[in-house]
>>> print(open('run-v3.cif').read())   # mmCIF, C-alpha atoms
data_my_file
#
loop_
_atom_site.label_atom_id
_atom_site.label_comp_id
_atom_site.auth_asym_id
_atom_site.auth_seq_id
_atom_site.Cartn_x
_atom_site.Cartn_y
_atom_site.Cartn_z
CA MET A 1285 21.23 -29.68 -1.14
CA GLU A 1286 23.45 -26.63 -0.62
CA GLU A 1287 21.76 -23.35 -1.51
CA LEU A 1288 23.33 -21.83 -4.62
CA GLU A 1289 23.94 -18.15 -5.18
CA GLN A 1290 21.45 -16.88 -7.74
CA LYS A 1291 22.37 -14.82 -10.79
CA ALA A 1292 19.55 -13.90 -13.12
CA VAL A 1293 19.02 -12.85 -16.70
CA LEU A 1294 15.96 -10.62 -17.08
CA ALA A 1295 13.79 -11.04 -20.18
CA GLY A 1296 10.94 -8.87 -21.43
CA VAL A 1297 8.76 -8.47 -24.49
CA ASN A 1298 7.86 -4.97 -25.65
CA ILE A 1299 4.45 -5.42 -27.26
CA ASN A 1300 3.69 -2.77 -29.90
CA ASN A 1301 6.16 -0.24 -28.45
CA GLN A 1302 4.69 0.22 -24.96
CA PHE A 1303 5.61 3.70 -23.72
CA ASP A 1304 6.41 2.43 -20.21
CA PHE A 1305 8.39 -0.67 -21.24
CA ASP A 1306 11.84 0.64 -20.24
CA TYR A 1307 10.58 1.65 -16.80
CA SER A 1308 8.85 -1.72 -16.41
CA MET A 1309 12.18 -3.50 -17.05
CA GLU A 1310 13.98 -1.14 -14.63
CA GLU A 1311 11.36 -1.97 -12.02
CA LEU A 1312 11.85 -5.70 -12.68
CA ALA A 1313 15.55 -5.20 -11.89
CA ASN A 1314 14.60 -3.43 -8.62
CA LEU A 1315 12.23 -6.26 -7.70
CA THR A 1316 14.99 -8.78 -8.43
CA ALA A 1317 17.44 -6.85 -6.23
CA ALA A 1318 14.79 -6.79 -3.47
CA CYS A 1319 14.95 -10.60 -3.53
CA GLU A 1320 18.75 -10.42 -3.14
CA VAL A 1321 19.32 -11.88 -6.61
CA GLU A 1322 22.12 -10.45 -8.77
CA VAL A 1323 21.08 -9.19 -12.22
CA ALA A 1324 23.65 -10.60 -14.65
CA GLY A 1325 22.10 -9.43 -17.91
CA VAL A 1326 18.96 -8.13 -19.63
CA ILE A 1327 17.44 -9.23 -22.92
CA THR A 1328 14.40 -7.68 -24.62
CA GLN A 1329 12.42 -8.26 -27.79
CA ASN A 1330 9.92 -6.17 -29.77
CA LEU A 1331 6.88 -8.21 -30.81
CA LYS A 1332 3.28 -7.58 -31.84
CA ARG A 1333 2.16 -10.25 -29.35
CA VAL A 1334 3.88 -12.69 -26.99
CA ASN A 1335 4.78 -16.12 -28.29
CA PRO A 1336 2.09 -18.45 -26.81
CA SER A 1337 4.54 -21.36 -26.43
CA HIS A 1338 7.66 -19.58 -25.08
CA TYR A 1339 6.65 -15.93 -24.39
CA ILE A 1340 9.73 -14.78 -26.38
CA GLY A 1341 10.39 -15.79 -29.98
CA THR A 1342 12.04 -19.20 -30.32
CA GLY A 1343 15.05 -17.59 -32.03
CA LYS A 1344 15.60 -15.45 -28.94
CA ILE A 1345 15.94 -18.59 -26.79
CA GLU A 1346 19.49 -19.11 -28.14
CA GLU A 1347 20.45 -15.54 -27.19
CA VAL A 1348 19.17 -16.11 -23.65
CA LYS A 1349 21.15 -19.37 -23.42
CA ALA A 1350 24.30 -17.60 -24.62
CA LEU A 1351 23.77 -14.84 -22.02
CA LEU A 1352 23.26 -17.45 -19.27
CA ASP A 1353 26.51 -19.21 -20.25
CA TYR A 1354 28.49 -15.97 -20.61
CA HIS A 1355 27.51 -14.69 -17.15
CA ASP A 1356 27.39 -18.13 -15.52
CA ALA A 1357 23.78 -17.32 -14.52
CA ASN A 1358 21.30 -19.92 -13.27
CA LEU A 1359 17.92 -18.19 -13.41
CA VAL A 1360 15.77 -16.34 -15.97
CA ILE A 1361 13.11 -13.89 -14.76
CA PHE A 1362 10.41 -12.83 -17.23
CA ASN A 1363 8.65 -9.47 -17.04
CA ASP A 1364 5.09 -10.82 -17.34
CA GLU A 1365 3.07 -13.65 -15.85
CA LEU A 1366 3.85 -16.88 -17.70
CA SER A 1367 1.41 -19.69 -18.42
CA PRO A 1368 2.15 -23.22 -17.07
CA SER A 1369 3.10 -24.42 -20.58
CA GLN A 1370 5.41 -21.44 -21.16
CA ILE A 1371 7.27 -22.18 -17.91
CA ARG A 1372 7.56 -25.87 -18.85
CA ASN A 1373 8.80 -25.16 -22.42
CA LEU A 1374 11.26 -22.46 -21.32
CA GLU A 1375 12.78 -24.60 -18.56
CA GLN A 1376 13.13 -27.50 -20.96
CA ASP A 1377 14.87 -25.40 -23.63
CA LEU A 1378 16.97 -23.20 -21.31
CA ASP A 1379 17.82 -25.99 -18.85
CA CYS A 1380 17.58 -23.67 -15.86
CA LYS A 1381 15.02 -22.34 -13.43
CA VAL A 1382 12.47 -19.90 -14.90
CA ILE A 1383 10.21 -17.59 -12.90
CA ASP A 1384 7.97 -14.67 -13.82
CA ARG A 1385 7.26 -11.21 -12.42
CA THR A 1386 4.29 -12.50 -10.42
CA ILE A 1387 6.23 -15.11 -8.41
CA LEU A 1388 8.96 -12.50 -7.83
CA ILE A 1389 6.44 -10.07 -6.27
CA LEU A 1390 4.82 -12.92 -4.29
CA ASP A 1391 8.26 -13.84 -2.95
CA ILE A 1392 8.92 -10.26 -1.79
CA PHE A 1393 5.50 -10.15 -0.11
CA ASN A 1394 6.28 -13.47 1.57
CA LYS A 1395 9.57 -12.14 2.99
CA ARG A 1396 8.04 -8.84 4.14
CA ALA A 1397 4.82 -10.19 5.73
CA LYS A 1398 5.02 -9.81 9.50
CA THR A 1399 1.45 -10.03 10.81
CA LYS A 1400 -0.63 -13.19 10.82
CA GLU A 1401 -3.14 -11.67 8.38
CA ALA A 1402 -0.49 -10.59 5.85
CA GLN A 1403 1.16 -14.02 6.02
CA LEU A 1404 -2.17 -15.76 5.38
CA GLN A 1405 -3.00 -13.41 2.50
CA VAL A 1406 0.37 -14.02 0.84
CA GLU A 1407 0.09 -17.79 1.25
CA VAL A 1408 -3.38 -17.82 -0.33
CA ALA A 1409 -2.04 -15.80 -3.29
CA GLN A 1410 0.97 -18.11 -3.67
CA LEU A 1411 -1.16 -21.26 -3.62
CA GLN A 1412 -3.65 -19.85 -6.14
CA TYR A 1413 -0.75 -18.99 -8.43
CA MET A 1414 0.80 -22.45 -7.98
CA LEU A 1415 -2.31 -24.53 -8.61
CA PRO A 1416 -2.17 -24.56 -12.43
CA ARG A 1417 1.65 -24.62 -12.41
CA LEU A 1418 2.40 -27.58 -10.13
CA VAL A 1419 4.22 -29.65 -12.76
CA GLY A 1420 6.48 -26.83 -13.93
CA LEU A 1421 7.26 -25.60 -10.43
CA ARG A 1422 8.02 -29.11 -9.13
CA ALA A 1423 10.53 -29.55 -11.96
CA SER A 1424 11.98 -26.15 -11.13
CA LEU A 1425 12.49 -27.14 -7.48
CA GLY A 1426 14.49 -30.12 -8.63
CA ARG A 1427 16.97 -27.83 -10.38
CA GLN A 1428 18.07 -25.84 -7.36
CA SER A 1429 17.59 -25.74 -3.62
CA GLY A 1430 16.26 -22.53 -2.07
CA GLY A 1431 16.32 -19.12 -3.68
CA VAL A 1432 13.66 -16.84 -5.06
CA GLY A 1433 10.37 -18.51 -5.89
CA THR A 1434 11.04 -21.50 -3.65
CA SER A 1435 11.96 -20.08 -0.25
CA ASN A 1436 8.40 -19.87 1.08
CA LYS A 1437 8.19 -22.49 3.81
CA GLY A 1438 4.41 -22.26 4.22
CA SER A 1439 3.66 -22.81 0.56
CA GLY A 1440 6.98 -23.88 -0.94
CA GLU A 1441 8.39 -27.34 -1.22
CA LYS A 1442 5.98 -28.95 1.26
CA GLN A 1443 2.93 -27.59 -0.56
CA LEU A 1444 4.22 -28.70 -3.95
CA GLU A 1445 4.29 -32.27 -2.70
CA LEU A 1446 0.57 -32.13 -2.08
CA ASP A 1447 -1.89 -32.96 -4.81
CA ARG A 1448 -4.27 -30.38 -6.26
CA ARG A 1449 -7.16 -31.42 -4.01
CA ARG A 1450 -5.14 -30.95 -0.83
CA ILE A 1451 -3.89 -27.53 -1.98
CA GLU A 1452 -7.48 -26.47 -2.61
CA GLU A 1453 -8.36 -27.69 0.89
CA ARG A 1454 -5.46 -25.65 2.29
CA ILE A 1455 -6.72 -22.52 0.47
CA SER A 1456 -10.16 -23.12 1.95
CA VAL A 1457 -8.72 -23.41 5.51
CA LEU A 1458 -6.65 -20.23 5.05
CA ASN A 1459 -9.65 -18.32 3.73
CA LYS A 1460 -11.66 -19.30 6.82
CA GLU A 1461 -8.86 -18.03 9.08
CA LEU A 1462 -8.75 -14.83 7.06
CA GLU A 1463 -12.53 -14.38 7.37
CA GLU A 1464 -12.19 -14.44 11.17
CA LEU A 1465 -9.44 -11.81 11.09
CA VAL A 1466 -11.45 -9.69 8.63
CA SER A 1467 -14.50 -9.94 10.89
CA HIS A 1468 -12.37 -8.80 13.85
CA ARG A 1469 -11.09 -5.81 11.85
CA GLN A 1470 -14.62 -4.89 10.74
CA THR A 1471 -15.64 -4.84 14.43
CA GLN A 1472 -12.70 -2.52 15.18
CA ARG A 1473 -13.75 -0.28 12.29
CA LYS A 1474 -17.33 -0.09 13.58
CA GLN A 1475 -16.04 0.86 17.05
CA ARG A 1476 -13.89 3.61 15.52
CA LYS A 1477 -16.85 4.89 13.48
CA LYS A 1478 -18.96 5.16 16.64
CA LYS A 1479 -16.41 7.67 17.96
CA GLY A 1480 -17.25 9.78 14.92
CA LEU A 1481 -13.63 10.46 13.97
CA PRO A 1482 -12.98 11.18 10.26
CA THR A 1483 -10.46 8.93 8.49
CA ALA A 1484 -7.72 9.80 6.00
CA ALA A 1485 -5.90 7.00 4.15
CA LEU A 1486 -2.42 7.20 2.63
CA VAL A 1487 -2.30 5.48 -0.77
CA GLY A 1488 0.30 5.34 -3.52
CA TYR A 1489 3.04 3.47 -5.30
CA THR A 1490 5.38 1.32 -3.27
CA ASN A 1491 8.31 3.25 -1.73
CA ALA A 1492 6.69 6.67 -2.36
CA GLY A 1493 7.02 7.52 1.35
CA LYS A 1494 3.58 6.79 2.86
CA SER A 1495 4.98 5.40 6.12
CA THR A 1496 7.49 8.28 6.33
CA ILE A 1497 4.62 10.78 6.04
CA MET A 1498 2.67 8.97 8.76
CA ASN A 1499 5.71 9.00 11.05
CA ALA A 1500 6.35 12.70 10.32
CA LEU A 1501 2.76 13.52 11.38
CA LEU A 1502 3.03 11.32 14.48
CA HIS A 1503 6.33 12.95 15.44
CA ARG A 1504 4.93 16.46 14.94
CA PHE A 1505 1.66 16.00 16.78
CA GLN A 1506 2.00 13.00 19.07
CA GLY A 1507 5.66 13.08 20.09
CA GLY A 1508 7.50 9.92 21.16
CA ALA A 1509 8.35 6.94 18.96
CA GLU A 1510 6.08 4.23 20.37
CA LYS A 1511 3.34 4.80 17.77
CA GLN A 1512 5.71 5.06 14.79
CA VAL A 1513 5.26 2.59 11.93
CA PHE A 1514 8.02 0.66 10.14
CA GLU A 1515 9.63 2.59 7.32
CA LYS A 1516 12.53 1.74 5.05
CA ASP A 1517 13.75 2.77 1.61
CA MET A 1518 12.75 -0.48 -0.09
CA LEU A 1519 9.90 -1.94 -2.13
CA PHE A 1520 6.88 -3.12 -0.13
CA ALA A 1521 8.23 -2.18 3.30
CA THR A 1522 4.60 -1.94 4.45
CA LEU A 1523 2.24 -4.91 3.95
CA GLU A 1524 0.08 -4.30 7.01
CA THR A 1525 -2.57 -1.64 7.38
CA SER A 1526 -1.72 0.60 10.34
CA VAL A 1527 -4.23 3.03 11.85
CA ARG A 1528 -3.10 5.87 14.12
CA ASN A 1529 -5.00 8.62 15.91
CA ILE A 1530 -3.71 12.12 15.11
CA GLU A 1531 -4.66 14.78 17.66
CA LEU A 1532 -4.01 18.36 16.55
CA PRO A 1533 -3.24 21.33 18.83
CA ASP A 1534 -6.80 22.69 18.33
CA LYS A 1535 -8.21 19.42 19.75
CA LYS A 1536 -9.40 18.19 16.36
CA GLN A 1537 -8.69 14.49 15.84
CA PHE A 1538 -8.67 12.17 12.86
CA LEU A 1539 -7.55 8.62 12.08
CA LEU A 1540 -4.70 8.15 9.62
CA THR A 1541 -4.35 4.83 7.79
CA ASP A 1542 -1.13 3.59 6.17
CA THR A 1543 -1.69 1.00 3.42
CA VAL A 1544 0.20 -1.47 1.22
CA GLY A 1545 1.87 0.18 -1.79
CA PHE A 1546 1.02 -0.60 -5.40
CA VAL A 1547 3.25 -1.63 -8.30
CA SER A 1548 2.72 -2.03 -12.04
CA LYS A 1549 1.35 -5.44 -13.02
CA LEU A 1550 0.41 -6.15 -9.39
CA PRO A 1551 -0.64 -9.82 -9.50
CA HIS A 1552 -4.42 -10.23 -9.49
CA HIS A 1553 -4.03 -13.04 -6.91
CA LEU A 1554 -2.50 -10.47 -4.55
CA ILE A 1555 -5.16 -7.81 -5.16
CA LYS A 1556 -7.79 -10.46 -4.44
CA ALA A 1557 -5.98 -11.74 -1.31
CA PHE A 1558 -5.35 -8.21 0.04
CA ARG A 1559 -8.85 -6.93 -0.81
CA SER A 1560 -9.91 -7.23 2.85
CA THR A 1561 -6.90 -5.14 3.96
CA LEU A 1562 -7.69 -2.54 1.32
CA GLU A 1563 -11.26 -2.24 2.64
CA GLU A 1564 -9.79 0.25 5.14
CA VAL A 1565 -9.25 2.53 2.13
CA THR A 1566 -12.77 2.09 0.74
CA GLU A 1567 -14.28 3.48 3.96
CA ALA A 1568 -11.96 6.49 4.29
CA ASP A 1569 -13.34 10.05 4.18
CA LEU A 1570 -10.24 11.28 2.36
CA LEU A 1571 -7.41 9.73 0.33
CA ILE A 1572 -3.91 11.20 0.43
CA HIS A 1573 -2.18 10.08 -2.77
CA VAL A 1574 1.54 10.02 -1.92
CA VAL A 1575 3.77 10.46 -4.98
CA ASP A 1576 7.57 10.10 -5.28
CA PHE A 1577 8.05 13.42 -7.10
CA SER A 1578 11.77 12.72 -7.58
CA ASN A 1579 10.96 9.76 -9.85
CA PRO A 1580 11.03 10.87 -13.52
CA ASN A 1581 8.13 8.45 -14.20
CA TYR A 1582 5.97 9.76 -11.33
CA GLN A 1583 2.98 10.55 -13.58
CA HIS A 1584 2.87 6.97 -14.88
CA LEU A 1585 3.10 5.64 -11.30
CA MET A 1586 0.17 7.89 -10.35
CA GLU A 1587 -1.88 6.38 -13.18
CA ILE A 1588 -1.09 2.84 -11.94
CA THR A 1589 -2.19 3.79 -8.40
CA GLU A 1590 -5.45 5.31 -9.66
CA GLN A 1591 -6.09 2.26 -11.85
CA THR A 1592 -5.52 -0.11 -8.90
CA LEU A 1593 -7.84 1.98 -6.68
CA SER A 1594 -10.48 1.75 -9.40
CA GLU A 1595 -10.04 -2.06 -9.51
CA ILE A 1596 -10.89 -2.33 -5.81
CA GLY A 1597 -13.95 -0.12 -6.30
CA ILE A 1598 -12.70 3.28 -5.11
CA LYS A 1599 -13.95 6.16 -7.24
CA GLU A 1600 -15.86 8.80 -5.29
CA ILE A 1601 -13.61 9.52 -2.28
CA PRO A 1602 -12.03 13.03 -2.24
CA MET A 1603 -8.26 12.99 -2.86
CA LEU A 1604 -5.30 15.20 -1.94
CA PHE A 1605 -1.83 14.84 -3.46
CA ALA A 1606 1.36 14.76 -1.40
CA TYR A 1607 4.29 15.13 -3.82
CA ASN A 1608 6.96 13.70 -1.54
CA LYS A 1609 10.78 13.70 -1.96
CA ALA A 1610 10.50 17.10 -3.70
CA ASP A 1611 13.71 18.08 -1.86
CA LEU A 1612 15.55 15.81 -4.32
CA THR A 1613 14.42 18.06 -7.20
CA GLU A 1614 15.20 21.71 -7.89
CA MET A 1615 11.80 22.88 -6.64
CA GLU A 1616 11.61 25.22 -3.66
CA ILE A 1617 9.52 23.61 -0.94
CA PRO A 1618 7.10 23.64 0.72
CA LYS A 1619 4.72 24.62 -2.06
CA VAL A 1620 0.92 24.31 -2.11
CA GLN A 1621 -0.99 24.23 -5.38
CA ASN A 1622 -4.75 23.67 -5.28
CA GLU A 1623 -5.23 20.23 -3.64
CA ALA A 1624 -1.53 19.34 -3.70
CA VAL A 1625 1.49 19.95 -1.50
CA TYR A 1626 5.13 19.53 -2.59
CA MET A 1627 7.06 18.36 0.45
CA SER A 1628 9.80 16.26 2.07
CA ALA A 1629 8.46 13.89 4.72
CA ARG A 1630 11.99 12.81 5.66
CA GLN A 1631 12.94 16.42 6.48
CA GLU A 1632 9.43 17.24 7.79
CA ILE A 1633 9.13 20.11 5.29
CA GLY A 1634 5.53 20.67 4.16
CA VAL A 1635 3.94 18.75 7.08
CA ASP A 1636 1.99 21.82 8.31
CA GLU A 1637 0.83 22.56 4.77
CA LEU A 1638 -0.35 18.96 4.33
CA ILE A 1639 -2.25 19.11 7.64
CA ALA A 1640 -3.91 22.36 6.54
CA LEU A 1641 -5.19 20.66 3.35
CA ILE A 1642 -6.38 17.61 5.35
CA LYS A 1643 -8.20 19.82 7.88
CA LYS A 1644 -9.89 21.83 5.14
CA GLU A 1645 -11.35 18.63 3.68
CA ILE A 1646 -12.25 16.44 6.66
CA PHE A 1647 -13.41 19.05 9.17
CA LYS A 1648 -15.99 20.66 6.90
CA GLU A 1649 -18.71 19.81 9.40
CA TYR A 1650 -17.02 21.91 12.10
CA THR A 1651 -18.63 25.23 13.02
CA LYS A 1652 -17.95 28.18 15.34
CA CYS A 1653 -20.53 29.09 17.95
CA GLU A 1654 -20.98 30.98 21.19
CA MET A 1655 -22.47 29.28 24.23
CA LEU A 1656 -23.46 30.19 27.76
CA ILE A 1657 -22.90 27.21 30.05
CA PRO A 1658 -24.47 27.45 33.56
CA TYR A 1659 -22.03 26.87 36.43
CA ASP A 1660 -23.95 23.75 37.53
CA LYS A 1661 -23.24 22.12 34.12
CA GLY A 1662 -19.47 21.89 34.49
CA ASP A 1663 -19.47 18.46 32.79
CA ILE A 1664 -20.51 20.13 29.50
CA LEU A 1665 -17.69 22.66 29.80
CA SER A 1666 -15.25 19.78 30.50
CA TYR A 1667 -16.56 17.99 27.39
CA PHE A 1668 -15.86 21.01 25.16
CA ASN A 1669 -12.44 21.50 26.77
CA GLU A 1670 -11.54 17.93 25.77
CA GLN A 1671 -13.33 17.57 22.43
CA ALA A 1672 -13.32 21.06 20.87
CA ASN A 1673 -11.22 24.14 20.32
CA ILE A 1674 -12.23 26.85 22.81
CA LEU A 1675 -11.36 30.23 21.28
CA SER A 1676 -12.28 32.43 24.26
CA THR A 1677 -13.72 32.09 27.78
CA GLU A 1678 -15.60 34.72 29.83
CA TYR A 1679 -17.03 34.21 33.32
CA ILE A 1680 -20.27 36.14 33.87
CA GLU A 1681 -23.03 36.01 36.47
CA GLU A 1682 -25.17 33.48 34.59
CA GLY A 1683 -22.32 31.08 33.82
CA THR A 1684 -19.29 30.51 31.54
CA LYS A 1685 -19.51 32.16 28.13
CA ILE A 1686 -17.34 30.43 25.51
CA LYS A 1687 -16.59 30.88 21.83
CA VAL A 1688 -15.89 27.42 20.51
CA GLU A 1689 -15.04 25.62 17.26
CA CYS A 1690 -16.71 22.21 17.41
CA ARG A 1691 -18.56 19.57 15.43
CA GLN A 1692 -21.91 20.66 14.00
CA SER A 1693 -23.45 17.66 15.80
CA ASP A 1694 -22.20 18.97 19.19
CA CYS A 1695 -23.64 22.39 18.41
CA GLU A 1696 -27.05 20.83 17.74
CA ARG A 1697 -26.79 18.57 20.80
CA TYR A 1698 -26.41 21.58 23.12
CA LYS A 1699 -28.51 24.05 21.11
CA GLU A 1700 -30.37 25.23 24.25
CA LEU A 1701 -27.05 26.76 25.40
CA LEU A 1702 -26.38 28.59 22.14
CA ILE A 1703 -26.11 32.38 22.09
CA ASN A 1704 -25.26 32.57 18.40
CA GLU A 1705 -23.69 30.45 15.67
CA ASP A 1706 -21.49 31.36 12.69
#
>>> encode(input="run-v3.cif", output="C-alpha cells")
Amino acid sequence: MEELEQKAVLAGVNINNQFDFDYSMEELANLTAACEVEVAGVITQNLKRVNPSHYIGTGKIEEVKALLDYHDANLVIFNDELSPSQIRNLEQDLDCKVIDRTILILDIFNKRAKTKEAQLQVEVAQLQYMLPRLVGLRASLGRQSGGVGTSNKGSGEKQLELDRRRIEERISVLNKELEELVSHRQTQRKQRKKKGLPTAALVGYTNAGKSTIMNALLHRFQGGAEKQVFEKDMLFATLETSVRNIELPDKKQFLLTDTVGFVSKLPHHLIKAFRSTLEEVTEADLLIHVVDFSNPNYQHLMEITEQTLSEIGIKEIPMLFAYNKADLTEMEIPKVQNEAVYMSARQEIGVDELIALIKKEIFKEYTKCEMLIPYDKGDILSYFNEQANILSTEYIEEGTKIKVECRQSDCERYKELLINED
C-alpha cells in the first residue's frame, strides 16, 4: 500500500484547569512535528475528569470529525495515554487512525535510537505498550500504511501479527540481551571507579543543550572533534549515554556524562526500559541540571526534570544549575549566582564559570602540600607531574622540593615525603 502523507488533529483534555495545559499542548505539537507529521488543527476540552469510554466528551467527537473533514486530515493525536478501549471506540467513531502521546514519544525514540542498547530499550517499551492494545493497533494498521505509530520495523507490523504469548517471549529475549549490555556497562563503570576519577552528569529537559555543553567543554579542554557527541536542535537528539574524560590545565580530571533528556508525561514504559542507562546518573558525584533559560516555561520544565530524577531514585546527589541559552534573553552573561551559572554553550560563554563551579564541588578532597622527593625517587616526581598540579619546583641538595595540589589520598600515600600540608 502506498504510504500516505499524514495530517493530524491534536486533541487534549484540560482537567480542572491545569496550569501547564497550554504548554503541554504546544509540546504535543512539537512532538508531532518531530515525527514529520503536519498539524492541521487543535481541539481542546475542559473537563473535571476524562471520559472513560472516549477520553473526550462524546459531543466533542462531532467537532473532531468536522475538523478532520475540513482539513482533510487522517490522524488524531491525543495528549494523554489512551486505554485500549478508548482507542477502539475513538477509531470506530472517527473512522481514522488514533494514537496517543505515548506512542508518539515511542516513535521518536525509535527513529533516534542509534546504539544497539537504545534500540533494544525502545523495542521493549513499544512491545509493553502494545500488549494490551493489540486489537486496536491491528485495526489501525489496516487503515493506513506506514506513518507515525506504525513505522517501527522491529516491533511494528510484524510484531502485531504475533499473538500475545509470542510478544511476551520476544520481550523476555530482549530483556536478556539488555542484561548482557547492562552487565558490560557496569564492568566499565567499575573500571572507571578504580581510577578514582569523580563523575559529573548532565541532566535536564530534552533540547536544553546538554550535548552542546559537553561539546563546549571538550572543545575548550580537549581540542579536536573526534570526542564530540551528536548535537542538534531537536527533541531527543541524545538517547545514548556518552561518557568523556575532561582533563583541565591544572591536571585535574573528571568524567562527564551526557544523558537522555526528559519530557512531561514521559511514558513509564520508557523510564522502565531506560532505567539501566540512567544508572550512570545515580552513581554520579555531581549533577549539572541544564536548563533552557530562553524558554518562558523553564521553571515548570525544571520541576519535571526533578520529578523524573526522583522517580529513578535520585535525591541526595549535589546539583549545579547551568541556565543555558541565556544569550537569547536580555540578561548580560556570563553570570554566576550561588550554585548556578547563566551561559551560552553554543557561543562558549560561561564555560570557564561552569568549570569553576564543577571544580569547587568535585575536587573538595584535593589539598595543597609541600614535599621533598629524593633524586633516586624520580618515578614519584613523574607521577605528580602527570597526576597533580605542581605549583613550584626547587632543586636542593637533598632532592626536589615541590609545592603541589593533589588528591588527599596521594598526600597520605607519600606522607613520609611531606614537609608540610595546608
>>> atom_distance(input="run-v3.cif", atom1="CA of Lys1652 in chain A", atom2="CA of Glu1531 in chain A")
19.0 Å
>>> atom_distance(input="run-v3.cif", atom1="CA of Thr1399 in chain A", atom2="CA of Gln1631 in chain A")
29.2 Å
>>> atom_distance(input="run-v3.cif", atom1="CA of Gln1692 in chain A", atom2="CA of Leu1665 in chain A")
16.5 Å
>>> resolve_selection(input="run-v3.cif", expression="the PyMOL selection byres ((chain A and resi 1590) around 12)", output="NGL selection string")
:A and (1487-1489 or 1545-1548 or 1571-1575 or 1583-1589 or 1591-1601 or 1603 or 1605)
>>> resolve_selection(input="run-v3.cif", expression="the PyMOL selection byres ((chain A and resi 1569) around 6)", output="ChimeraX atom specification")
/A:1483-1484,1568,1570
>>> resolve_selection(input="run-v3.cif", expression="the PyMOL selection byres ((chain A and resi 1367-1380) around 7)", output="CSV table (one decimal) with C-alpha atoms, in the coordinates of the input")
chain,number,residue,atom,x,y,z
A,1337,SER,CA,4.5,-21.4,-26.4
A,1338,HIS,CA,7.7,-19.6,-25.1
A,1339,TYR,CA,6.6,-15.9,-24.4
A,1349,LYS,CA,21.2,-19.4,-23.4
A,1358,ASN,CA,21.3,-19.9,-13.3
A,1359,LEU,CA,17.9,-18.2,-13.4
A,1365,GLU,CA,3.1,-13.6,-15.8
A,1366,LEU,CA,3.8,-16.9,-17.7
A,1381,LYS,CA,15.0,-22.3,-13.4
A,1382,VAL,CA,12.5,-19.9,-14.9
A,1416,PRO,CA,-2.2,-24.6,-12.4
A,1417,ARG,CA,1.6,-24.6,-12.4
A,1420,GLY,CA,6.5,-26.8,-13.9
A,1427,ARG,CA,17.0,-27.8,-10.4
>>> closest_residue(input="run-v3.cif", among="A:Ala1409, A:Gln1506, A:Asn1394, A:Glu1563", to="Gln1470 in chain A", atoms="all atoms listed in the file")
A:Glu1563
>>> closest_residue(input="run-v3.cif", among="A:Gly1325, A:Pro1658, A:Pro1551, A:Gly1493", to="Leu1352 in chain A", atoms="all atoms listed in the file")
A:Gly1325
>>> closest_residue(input="run-v3.cif", among="A:Ser1578, A:Asn1301, A:Thr1490, A:Ser1628", to="Thr1613 in chain A", atoms="only C-alpha atoms")
A:Ser1578
>>> closest_residue(input="run-v3.cif", among="A:Thr1684, A:Thr1566, A:Thr1525, A:Ser1456", to="Ala1397 in chain A", atoms="only C-alpha atoms")
A:Thr1525
>>> residues_around(input="run-v3.cif", residues="Asp1364 in chain A", least_positions_apart="6", cutoff="8 Å", atoms="all atoms listed in the file", output="list of chain:residue names")
A:Gly1296, A:Asp1384, A:Arg1385, A:Thr1386, A:Lys1549
>>> residues_near_point(input="run-v3.cif", point="(-10.7, 11.9, 10.9)", cutoff="6 Å", atoms="only C-alpha atoms", output="list in words")
Leu1481, Pro1482, Thr1483, Gln1537, Phe1538 and Leu1539 of chain A
>>> closest_residue(input="run-v3.cif", among="A:Tyr1607, A:Tyr1650, A:Phe1393, A:Tyr1354", to="Asp1694 in chain A", atoms="only C-alpha atoms")
A:Tyr1650
>>> residues_near_point(input="run-v3.cif", point="(19.6, -3.2, -19.3)", cutoff="8 Å", atoms="all atoms listed in the file", output="VMD selection string")
chain A and resid 1309 to 1310 1325 to 1327
>>> closest_residue(input="run-v3.cif", among="A:Ala1606, A:Leu1415, A:Cys1690, A:Ile1451", to="Thr1496 in chain A", atoms="all atoms listed in the file")
A:Ala1606
>>> axis_aligned_box(input="run-v3.cif", around="range 1569-1580 of chain A", padding_each_side="5 Å", output="lines of an AutoDock Vina configuration file")
center_x = -0.8
center_y = 11.6
center_z = -4.7
size_x = 35.1
size_y = 13.7
size_z = 27.7
>>> residues_around(input="run-v3.cif", residues="Leu1458 in chain A", least_positions_apart="3", cutoff="8 Å", atoms="all atoms listed in the file", output="list in words")
Leu1404, Val1408, Arg1454, Ile1455, Glu1461 and Leu1462 of chain A
